Amino acid sequence: MIRYQRLGYLALNVRDIGRSQAFYRDHVGLQSVGGRSADVRYLRCSDKHHDIALYRGAPGLKRAGFQLESERELAPLRRALEAAGTPVTDIPAGDCAAMHHGPGLRTWEPVSGATLDFYAAMEPSDAPPFVPTVAKIQRLGHFVLRTADAAATARWFTEVLNFRISDQIDGAVTFMRCFPNPLHHSFGVGNGKGKNGLHHFNFMVSDADDIGTSLWRLKKLEVPVVNGPGRHLPSGSMFLYYLDPDGLTVEYSFGMEEFPEQGARAPRVLPPVSKSFDIWEGPVDPRKSAVGAIEQSRPGVHA
Ligand SMILES: [Fe+2]
């Protein structure tokens, strides 16, 4: 049974890494830190080396990294992927070095081709400790993809990777936790209606006031706020979605249901009505989640 610690980091492709580095540092509230690769800008909101790695590319997801509970998880993970017929390879040494983590495995989500890396330990940064600035960010929370066959993606995450479903909005989105991490979801997959993409990614904040103050702070900066403030029914999170300089959708959220390792409640299937997405039923700007390519790196596949 494969066990995880948490969502480790997200590597994002952006058009201008300097511009995005400044946005995530000054307006989102991450700490910019140095790192081994000159091609990457590293930012963090934790004691990890980084939580976000910015690369130059078509705006969207380059790669997601999950931190396993220990290196012992690598062997059963490889067996599970091979048994499922999913391509799997060692993470190239250059990427391990650039991401400041130890050896690991790379695979590709079968529907969207999203690159997923799994490793056990990331080196600490020698930067001073992360101190929250404009928002009291607790952690990188989750990311959500939309895929052309979301049911198949959810099945692969549960049956092969040992993720657990926390809730579903029928036909629309499945929220999953990386077992035994207690957070309601570290990953979600939405119905892409025939398309694949990065839907959004999330930073959890420690105070409801961060949602309200960020709304007005971002509006003053003319950062497009595209949904919220609102409250998700499935996780109970209060949320605010806004756009980064490339139009990628970023979320702050406050509060989230947590699940015990043993005896967790059964997943719910909620009806696909607006109250299931947002109890407060606020408007959604059509720019939400409109941008978000998924980089294709699977062997033999070219974007
Ligand atoms: Fe979210």
# chains A, B, ... in the order shown; residues from 1 in each chain; ligands from 1
call {"tool": "residues_around", "arguments": {"residues": "region 90-97 of chain A", "least_positions_apart": "6", "cutoff": "9 Å", "atoms": "only C-alpha atoms", "output": "mmCIF file with C-alpha atoms, in the first residue's frame"}}
result
data_model
loop_
_atom_site.group_PDB
_atom_site.id
_atom_site.type_symbol
_atom_site.label_atom_id
_atom_site.label_comp_id
_atom_site.auth_asym_id
_atom_site.auth_seq_id
_atom_site.Cartn_x
_atom_site.Cartn_y
_atom_site.Cartn_z
ATOM 1 C CA ARG A 36 20.788 24.864 -8.235
ATOM 2 C CA SER A 37 19.367 25.467 -11.722
ATOM 3 C CA PRO A 103 15.984 9.668 -6.265
ATOM 4 C CA GLY A 104 12.447 9.039 -7.364
ATOM 5 C CA LEU A 105 10.088 7.786 -10.036
ATOM 6 C CA ARG A 106 8.443 9.624 -12.900
ATOM 7 C CA THR A 107 5.206 8.627 -14.553
ATOM 8 C CA ASP A 117 7.261 12.774 -9.975
ATOM 9 C CA PHE A 118 7.435 10.834 -6.711
ATOM 10 C CA TYR A 119 10.325 11.156 -4.278
#
call {"tool": "closest_atom_pairs", "arguments": {"of": "chain A", "to": "ligand 1", "cutoff": "10 Å", "atoms": "only C-alpha atoms and all ligand atoms", "output": "Markdown table"}}
result
| residue | atom | partner | partner_atom_place_in_ligand_line | distance |
| --- | --- | --- | --- | --- |
| A:Gly141 | CA | ligand 1 | 1 (Fe) | 8.0 |
| A:His142 | CA | ligand 1 | 1 (Fe) | 6.5 |
| A:Phe143 | CA | ligand 1 | 1 (Fe) | 6.6 |
| A:Val144 | CA | ligand 1 | 1 (Fe) | 6.7 |
| A:Phe175 | CA | ligand 1 | 1 (Fe) | 9.2 |
| A:His185 | CA | ligand 1 | 1 (Fe) | 8.4 |
| A:Ser186 | CA | ligand 1 | 1 (Fe) | 8.9 |
| A:Phe187 | CA | ligand 1 | 1 (Fe) | 8.6 |
| A:Gly188 | CA | ligand 1 | 1 (Fe) | 7.9 |
| A:His199 | CA | ligand 1 | 1 (Fe) | 8.8 |
| A:His200 | CA | ligand 1 | 1 (Fe) | 6.6 |
| A:Phe201 | CA | ligand 1 | 1 (Fe) | 6.3 |
| A:Asn202 | CA | ligand 1 | 1 (Fe) | 5.6 |
| A:Phe203 | CA | ligand 1 | 1 (Fe) | 8.6 |
| A:Met204 | CA | ligand 1 | 1 (Fe) | 9.4 |
| A:His232 | CA | ligand 1 | 1 (Fe) | 8.7 |
| A:Ser235 | CA | ligand 1 | 1 (Fe) | 9.3 |
| A:Ser237 | CA | ligand 1 | 1 (Fe) | 8.7 |
| A:Met238 | CA | ligand 1 | 1 (Fe) | 9.9 |
| A:Phe239 | CA | ligand 1 | 1 (Fe) | 7.8 |
| A:Leu240 | CA | ligand 1 | 1 (Fe) | 9.2 |
| A:Tyr241 | CA | ligand 1 | 1 (Fe) | 8.5 |
| A:Thr249 | CA | ligand 1 | 1 (Fe) | 9.7 |
| A:Val250 | CA | ligand 1 | 1 (Fe) | 8.5 |
| A:Glu251 | CA | ligand 1 | 1 (Fe) | 6.2 |
| A:Tyr252 | CA | ligand 1 | 1 (Fe) | 8.0 |
| A:Ser253 | CA | ligand 1 | 1 (Fe) | 7.4 |
call {"tool": "residues_around", "arguments": {"residues": "Leu10 (chain A)", "least_positions_apart": "4", "cutoff": "8 Å", "atoms": "only C-alpha atoms", "output": "PyMOL selection string"}}
result
chain A and resi 51-53+61-65
call {"tool": "closest_residue", "arguments": {"among": "A:Ser32, A:Ser276, A:Ser20, A:Asn196", "to": "Leu248 (chain A)", "atoms": "only C-alpha atoms"}}
result
A:Ser20
call {"tool": "residues_around", "arguments": {"residues": "Ala80 (chain A)", "least_positions_apart": "2", "cutoff": "12 Å", "atoms": "only C-alpha atoms", "output": "ChimeraX atom specification"}}
result
/A:1-2,73-78,82-88,105,107,156-162
call {"tool": "closest_residue", "arguments": {"among": "A:Asp126, A:Asp210, A:Glu261, A:Asp167", "to": "Gly34 (chain A)", "atoms": "only C-alpha atoms"}}
result
A:Asp126
call {"tool": "select_by_dssp", "arguments": {"residues": "region 14-255 of chain A", "states": "helix (DSSP H, G or I)", "output": "JSON list (two decimals) with N, CA and C atoms, in the first residue's frame"}}
result
[["chain", "number", "residue", "atom", "x", "y", "z"],
["A", 17, "ILE", "N", 9.70, 34.35, -16.48],
["A", 17, "ILE", "CA", 9.90, 33.84, -15.12],
["A", 17, "ILE", "C", 10.22, 34.96, -14.13],
["A", 18, "GLY", "N", 10.85, 36.04, -14.60],
["A", 18, "GLY", "CA", 11.11, 37.16, -13.69],
["A", 18, "GLY", "C", 9.82, 37.84, -13.25],
["A", 19, "ARG", "N", 8.93, 38.07, -14.22],
["A", 19, "ARG", "CA", 7.64, 38.70, -13.91],
["A", 19, "ARG", "C", 6.83, 37.83, -12.96],
["A", 20, "SER", "N", 6.79, 36.52, -13.22],
["A", 20, "SER", "CA", 6.00, 35.63, -12.37],
["A", 20, "SER", "C", 6.64, 35.48, -10.99],
["A", 21, "GLN", "N", 7.98, 35.45, -10.96],
["A", 21, "GLN", "CA", 8.65, 35.37, -9.66],
["A", 21, "GLN", "C", 8.25, 36.57, -8.79],
["A", 22, "ALA", "N", 8.23, 37.75, -9.38],
["A", 22, "ALA", "CA", 7.86, 38.95, -8.62],
["A", 22, "ALA", "C", 6.40, 38.88, -8.18],
["A", 23, "PHE", "N", 5.52, 38.38, -9.06],
["A", 23, "PHE", "CA", 4.10, 38.28, -8.71],
["A", 23, "PHE", "C", 3.89, 37.33, -7.53],
["A", 24, "TYR", "N", 4.50, 36.14, -7.61],
["A", 24, "TYR", "CA", 4.28, 35.16, -6.54],
["A", 24, "TYR", "C", 4.94, 35.60, -5.23],
["A", 25, "ARG", "N", 6.03, 36.34, -5.35],
["A", 25, "ARG", "CA", 6.70, 36.83, -4.13],
["A", 25, "ARG", "C", 5.92, 38.00, -3.53],
["A", 26, "ASP", "N", 5.63, 39.01, -4.34],
["A", 26, "ASP", "CA", 5.10, 40.26, -3.80],
["A", 26, "ASP", "C", 3.58, 40.22, -3.59],
["A", 27, "HIS", "N", 2.85, 39.55, -4.48],
["A", 27, "HIS", "CA", 1.39, 39.63, -4.44],
["A", 27, "HIS", "C", 0.72, 38.37, -3.89],
["A", 28, "VAL", "N", 1.38, 37.22, -4.07],
["A", 28, "VAL", "CA", 0.82, 35.99, -3.48],
["A", 28, "VAL", "C", 1.38, 35.80, -2.07],
["A", 71, "GLU", "N", 11.49, 6.33, 1.32],
["A", 71, "GLU", "CA", 12.00, 5.68, 0.10],
["A", 71, "GLU", "C", 11.47, 4.27, -0.07],
["A", 72, "ARG", "N", 10.99, 3.68, 1.03],
["A", 72, "ARG", "CA", 10.43, 2.33, 0.94],
["A", 72, "ARG", "C", 9.22, 2.27, 0.02],
["A", 73, "GLU", "N", 8.58, 3.40, -0.22],
["A", 73, "GLU", "CA", 7.37, 3.42, -1.05],
["A", 73, "GLU", "C", 7.70, 3.32, -2.55],
["A", 74, "LEU", "N", 8.97, 3.55, -2.90],
["A", 74, "LEU", "CA", 9.30, 3.59, -4.33],
["A", 74, "LEU", "C", 9.11, 2.22, -4.99],
["A", 75, "ALA", "N", 9.48, 1.14, -4.31],
["A", 75, "ALA", "CA", 9.37, -0.19, -4.93],
["A", 75, "ALA", "C", 7.91, -0.58, -5.19],
["A", 76, "PRO", "N", 7.03, -0.47, -4.18],
["A", 76, "PRO", "CA", 5.63, -0.80, -4.49],
["A", 76, "PRO", "C", 4.99, 0.15, -5.50],
["A", 77, "LEU", "N", 5.44, 1.39, -5.51],
["A", 77, "LEU", "CA", 4.90, 2.33, -6.51],
["A", 77, "LEU", "C", 5.29, 1.87, -7.92],
["A", 78, "ARG", "N", 6.57, 1.50, -8.08],
["A", 78, "ARG", "CA", 7.02, 1.05, -9.40],
["A", 78, "ARG", "C", 6.23, -0.20, -9.82],
["A", 79, "ARG", "N", 6.06, -1.13, -8.88],
["A", 79, "ARG", "CA", 5.32, -2.37, -9.21],
["A", 79, "ARG", "C", 3.88, -2.05, -9.62],
["A", 80, "ALA", "N", 3.25, -1.13, -8.89],
["A", 80, "ALA", "CA", 1.85, -0.79, -9.20],
["A", 80, "ALA", "C", 1.73, -0.16, -10.58],
["A", 81, "LEU", "N", 2.67, 0.71, -10.91],
["A", 81, "LEU", "CA", 2.62, 1.37, -12.22],
["A", 81, "LEU", "C", 2.88, 0.35, -13.33],
["A", 82, "GLU", "N", 3.86, -0.51, -13.12],
["A", 82, "GLU", "CA", 4.15, -1.52, -14.14],
["A", 82, "GLU", "C", 2.98, -2.47, -14.31],
["A", 83, "ALA", "N", 2.36, -2.86, -13.20],
["A", 83, "ALA", "CA", 1.21, -3.78, -13.28],
["A", 83, "ALA", "C", 0.06, -3.14, -14.04],
["A", 84, "ALA", "N", -0.06, -1.82, -13.93],
["A", 84, "ALA", "CA", -1.14, -1.12, -14.61],
["A", 84, "ALA", "C", -0.79, -0.80, -16.07],
["A", 93, "ALA", "N", 18.65, 12.32, -13.31],
["A", 93, "ALA", "CA", 19.49, 12.88, -12.25],
["A", 93, "ALA", "C", 19.51, 14.41, -12.29],
["A", 94, "GLY", "N", 19.49, 14.97, -13.50],
["A", 94, "GLY", "CA", 19.51, 16.42, -13.63],
["A", 94, "GLY", "C", 18.28, 17.07, -13.00],
["A", 95, "ASP", "N", 17.13, 16.41, -13.14],
["A", 95, "ASP", "CA", 15.91, 16.95, -12.54],
["A", 95, "ASP", "C", 15.91, 16.77, -11.02],
["A", 96, "CYS", "N", 16.46, 15.63, -10.55],
["A", 96, "CYS", "CA", 16.58, 15.44, -9.08],
["A", 96, "CYS", "C", 17.45, 16.55, -8.50],
["A", 97, "ALA", "N", 18.56, 16.85, -9.21],
["A", 97, "ALA", "CA", 19.46, 17.89, -8.71],
["A", 97, "ALA", "C", 18.77, 19.25, -8.74],
["A", 98, "ALA", "N", 18.12, 19.57, -9.87],
["A", 98, "ALA", "CA", 17.46, 20.88, -10.00],
["A", 98, "ALA", "C", 16.34, 21.04, -8.99],
["A", 150, "ALA", "N", -12.26, 12.15, -17.00],
["A", 150, "ALA", "CA", -11.98, 12.37, -15.58],
["A", 150, "ALA", "C", -12.24, 11.10, -14.76],
["A", 151, "ALA", "N", -13.19, 10.30, -15.17],
["A", 151, "ALA", "CA", -13.47, 9.06, -14.43],
["A", 151, "ALA", "C", -12.27, 8.12, -14.52],
["A", 152, "ALA", "N", -11.65, 8.05, -15.70],
["A", 152, "ALA", "CA", -10.47, 7.20, -15.87],
["A", 152, "ALA", "C", -9.30, 7.74, -15.06],
["A", 153, "THR", "N", -9.15, 9.07, -15.04],
["A", 153, "THR", "CA", -8.07, 9.66, -14.23],
["A", 153, "THR", "C", -8.27, 9.34, -12.76],
["A", 154, "ALA", "N", -9.48, 9.51, -12.26],
["A", 154, "ALA", "CA", -9.76, 9.24, -10.85],
["A", 154, "ALA", "C", -9.54, 7.77, -10.52],
["A", 155, "ARG", "N", -9.93, 6.90, -11.43],
["A", 155, "ARG", "CA", -9.72, 5.46, -11.21],
["A", 155, "ARG", "C", -8.24, 5.14, -11.12],
["A", 156, "TRP", "N", -7.43, 5.75, -12.00],
["A", 156, "TRP", "CA", -5.98, 5.49, -11.99],
["A", 156, "TRP", "C", -5.36, 6.00, -10.70],
["A", 157, "PHE", "N", -5.77, 7.17, -10.24],
["A", 157, "PHE", "CA", -5.22, 7.70, -8.99],
["A", 157, "PHE", "C", -5.59, 6.82, -7.80],
["A", 158, "THR", "N", -6.80, 6.27, -7.80],
["A", 158, "THR", "CA", -7.20, 5.46, -6.64],
["A", 158, "THR", "C", -6.64, 4.05, -6.75],
["A", 159, "GLU", "N", -6.80, 3.42, -7.92],
["A", 159, "GLU", "CA", -6.46, 1.99, -8.03],
["A", 159, "GLU", "C", -4.95, 1.77, -8.16],
["A", 208, "ALA", "N", -9.33, 33.44, 8.20],
["A", 208, "ALA", "CA", -10.42, 33.88, 7.31],
["A", 208, "ALA", "C", -10.17, 35.30, 6.82],
["A", 209, "ASP", "N", -9.52, 36.12, 7.64],
["A", 209, "ASP", "CA", -9.23, 37.50, 7.23],
["A", 209, "ASP", "C", -8.32, 37.55, 6.00],
["A", 210, "ASP", "N", -7.52, 36.50, 5.80],
["A", 210, "ASP", "CA", -6.66, 36.48, 4.60],
["A", 210, "ASP", "C", -7.50, 36.46, 3.32],
["A", 211, "ILE", "N", -8.68, 35.84, 3.40],
["A", 211, "ILE", "CA", -9.56, 35.80, 2.22],
["A", 211, "ILE", "C", -10.09, 37.21, 1.95],
["A", 212, "GLY", "N", -10.59, 37.86, 3.01],
["A", 212, "GLY", "CA", -11.16, 39.20, 2.83],
["A", 212, "GLY", "C", -10.12, 40.25, 2.50],
["A", 213, "THR", "N", -9.01, 40.26, 3.21],
["A", 213, "THR", "CA", -7.99, 41.28, 2.93],
["A", 213, "THR", "C", -7.37, 41.06, 1.55],
["A", 214, "SER", "N", -7.23, 39.79, 1.15],
["A", 214, "SER", "CA", -6.64, 39.52, -0.17],
["A", 214, "SER", "C", -7.57, 39.98, -1.29],
["A", 215, "LEU", "N", -8.87, 39.84, -1.07],
["A", 215, "LEU", "CA", -9.83, 40.31, -2.09],
["A", 215, "LEU", "C", -9.55, 41.77, -2.42],
["A", 216, "TRP", "N", -9.47, 42.62, -1.39],
["A", 216, "TRP", "CA", -9.30, 44.05, -1.63],
["A", 216, "TRP", "C", -7.88, 44.38, -2.04],
["A", 217, "ARG", "N", -6.90, 43.69, -1.47],
["A", 217, "ARG", "CA", -5.51, 43.92, -1.87],
["A", 217, "ARG", "C", -5.31, 43.61, -3.35],
["A", 218, "LEU", "N", -5.84, 42.47, -3.81],
["A", 218, "LEU", "CA", -5.67, 42.08, -5.21],
["A", 218, "LEU", "C", -6.44, 43.00, -6.14],
["A", 219, "LYS", "N", -7.63, 43.44, -5.71],
["A", 219, "LYS", "CA", -8.41, 44.37, -6.54],
["A", 219, "LYS", "C", -7.65, 45.68, -6.72],
["A", 220, "LYS", "N", -7.04, 46.18, -5.63],
["A", 220, "LYS", "CA", -6.26, 47.42, -5.73],
["A", 220, "LYS", "C", -5.09, 47.27, -6.71]]
call {"tool": "residues_around", "arguments": {"residues": "Gln296 (chain A)", "least_positions_apart": "5", "cutoff": "12 Å", "atoms": "only C-alpha atoms", "output": "PyMOL selection string"}}
result
chain A and resi 13+57-58+60-63+107-116+196-197+301-303
call {"tool": "write_last_selection", "arguments": {"atoms": "N, CA and C atoms", "output": "PDB file, in the first residue's frame"}}
result
ATOM      1  N   ASN A  13       4.996  26.265 -15.900  1.00  0.00           N
ATOM      2  CA  ASN A  13       5.551  26.972 -17.054  1.00  0.00           C
ATOM      3  C   ASN A  13       4.909  28.347 -17.125  1.00  0.00           C
ATOM      4  N   GLY A  57       7.946  28.596 -20.423  1.00  0.00           N
ATOM      5  CA  GLY A  57       7.227  27.707 -21.329  1.00  0.00           C
ATOM      6  C   GLY A  57       5.806  28.184 -21.530  1.00  0.00           C
ATOM      7  N   ALA A  58       5.044  27.374 -22.251  1.00  0.00           N
ATOM      8  CA  ALA A  58       3.631  27.702 -22.473  1.00  0.00           C
ATOM      9  C   ALA A  58       2.906  27.614 -21.128  1.00  0.00           C
ATOM     10  N   GLY A  60       1.215  26.941 -17.824  1.00  0.00           N
ATOM     11  CA  GLY A  60       0.487  25.771 -17.335  1.00  0.00           C
ATOM     12  C   GLY A  60       1.368  24.899 -16.455  1.00  0.00           C
ATOM     13  N   LEU A  61       1.004  23.628 -16.417  1.00  0.00           N
ATOM     14  CA  LEU A  61       1.703  22.686 -15.546  1.00  0.00           C
ATOM     15  C   LEU A  61       2.840  22.006 -16.292  1.00  0.00           C
ATOM     16  N   LYS A  62       4.022  22.129 -15.740  1.00  0.00           N
ATOM     17  CA  LYS A  62       5.162  21.367 -16.276  1.00  0.00           C
ATOM     18  C   LYS A  62       5.195  19.981 -15.636  1.00  0.00           C
ATOM     19  N   ARG A  63       4.954  19.974 -14.309  1.00  0.00           N
ATOM     20  CA  ARG A  63       5.164  18.724 -13.565  1.00  0.00           C
ATOM     21  C   ARG A  63       4.625  18.930 -12.159  1.00  0.00           C
ATOM     22  N   THR A 107       6.212   9.267 -13.713  1.00  0.00           N
ATOM     23  CA  THR A 107       5.206   8.627 -14.553  1.00  0.00           C
ATOM     24  C   THR A 107       4.341   9.712 -15.177  1.00  0.00           C
ATOM     25  N   TRP A 108       3.380   9.290 -15.974  1.00  0.00           N
ATOM     26  CA  TRP A 108       2.541  10.245 -16.701  1.00  0.00           C
ATOM     27  C   TRP A 108       1.091   9.844 -16.525  1.00  0.00           C
ATOM     28  N   GLU A 109       0.287  10.776 -16.068  1.00  0.00           N
ATOM     29  CA  GLU A 109      -1.147  10.495 -15.890  1.00  0.00           C
ATOM     30  C   GLU A 109      -1.692  10.067 -17.257  1.00  0.00           C
ATOM     31  N   PRO A 110      -2.367   8.913 -17.320  1.00  0.00           N
ATOM     32  CA  PRO A 110      -2.648   8.315 -18.626  1.00  0.00           C
ATOM     33  C   PRO A 110      -3.548   9.139 -19.554  1.00  0.00           C
ATOM     34  N   VAL A 111      -4.463   9.926 -19.026  1.00  0.00           N
ATOM     35  CA  VAL A 111      -5.396  10.637 -19.903  1.00  0.00           C
ATOM     36  C   VAL A 111      -4.787  11.939 -20.415  1.00  0.00           C
ATOM     37  N   SER A 112      -4.236  12.738 -19.502  1.00  0.00           N
ATOM     38  CA  SER A 112      -3.753  14.080 -19.866  1.00  0.00           C
ATOM     39  C   SER A 112      -2.275  14.099 -20.215  1.00  0.00           C
ATOM     40  N   GLY A 113      -1.540  13.056 -19.833  1.00  0.00           N
ATOM     41  CA  GLY A 113      -0.094  13.050 -20.022  1.00  0.00           C
ATOM     42  C   GLY A 113       0.657  13.893 -19.011  1.00  0.00           C
ATOM     43  N   ALA A 114      -0.016  14.390 -17.971  1.00  0.00           N
ATOM     44  CA  ALA A 114       0.655  15.226 -16.967  1.00  0.00           C
ATOM     45  C   ALA A 114       1.804  14.452 -16.325  1.00  0.00           C
ATOM     46  N   THR A 115       2.957  15.124 -16.212  1.00  0.00           N
ATOM     47  CA  THR A 115       4.143  14.492 -15.635  1.00  0.00           C
ATOM     48  C   THR A 115       4.043  14.516 -14.118  1.00  0.00           C
ATOM     49  N   LEU A 116       4.198  13.355 -13.506  1.00  0.00           N
ATOM     50  CA  LEU A 116       4.115  13.243 -12.049  1.00  0.00           C
ATOM     51  C   LEU A 116       5.391  12.611 -11.529  1.00  0.00           C
ATOM     52  N   ASN A 196      -7.874  18.481 -21.967  1.00  0.00           N
ATOM     53  CA  ASN A 196      -7.018  18.357 -20.784  1.00  0.00           C
ATOM     54  C   ASN A 196      -6.451  19.714 -20.429  1.00  0.00           C
ATOM     55  N   GLY A 197      -6.274  19.980 -19.132  1.00  0.00           N
ATOM     56  CA  GLY A 197      -5.641  21.234 -18.746  1.00  0.00           C
ATOM     57  C   GLY A 197      -5.436  21.305 -17.245  1.00  0.00           C
ATOM     58  N   VAL A 301       5.786  10.818 -27.093  1.00  0.00           N
ATOM     59  CA  VAL A 301       4.663  11.741 -27.292  1.00  0.00           C
ATOM     60  C   VAL A 301       5.242  13.138 -27.475  1.00  0.00           C
ATOM     61  N   HIS A 302       4.790  13.822 -28.479  1.00  0.00           N
ATOM     62  CA  HIS A 302       5.285  15.177 -28.716  1.00  0.00           C
ATOM     63  C   HIS A 302       4.126  16.133 -28.712  1.00  0.00           C
ATOM     64  N   ALA A 303       4.321  17.248 -28.028  1.00  0.00           N
ATOM     65  CA  ALA A 303       3.231  18.220 -27.895  1.00  0.00           C
ATOM     66  C   ALA A 303       2.940  18.857 -29.245  1.00  0.00           C
TER      67      ALA A 303
END
call {"tool": "closest_residue", "arguments": {"among": "A:His184, A:Ser166, A:Val291, A:Gly192", "to": "Leu270 (chain A)", "atoms": "only C-alpha atoms"}}
result
A:Ser166
call {"tool": "atom_distance", "arguments": {"atom1": "CA of Gly29 (chain A)", "atom2": "CA of Ser125 (chain A)"}}
result
17.5 Å
call {"tool": "residues_around", "arguments": {"residues": "Pro272 (chain A)", "least_positions_apart": "2", "cutoff": "9 Å", "atoms": "only C-alpha atoms", "output": "list in words"}}
result
Ile169, Asp170, Gly171, Ala172, Leu270, Ser274, Lys275, Ser276 and Phe277 of chain A
call {"tool": "residues_around", "arguments": {"residues": "Phe130 (chain A)", "least_positions_apart": "2", "cutoff": "7 Å", "atoms": "only C-alpha atoms", "output": "MDAnalysis selection string"}}
result
chainID A and resid 31 45:47 128 132
call {"tool": "atom_distance", "arguments": {"atom1": "CA of Pro124 (chain A)", "atom2": "CA of Asn181 (chain A)"}}
result
20.7 Å
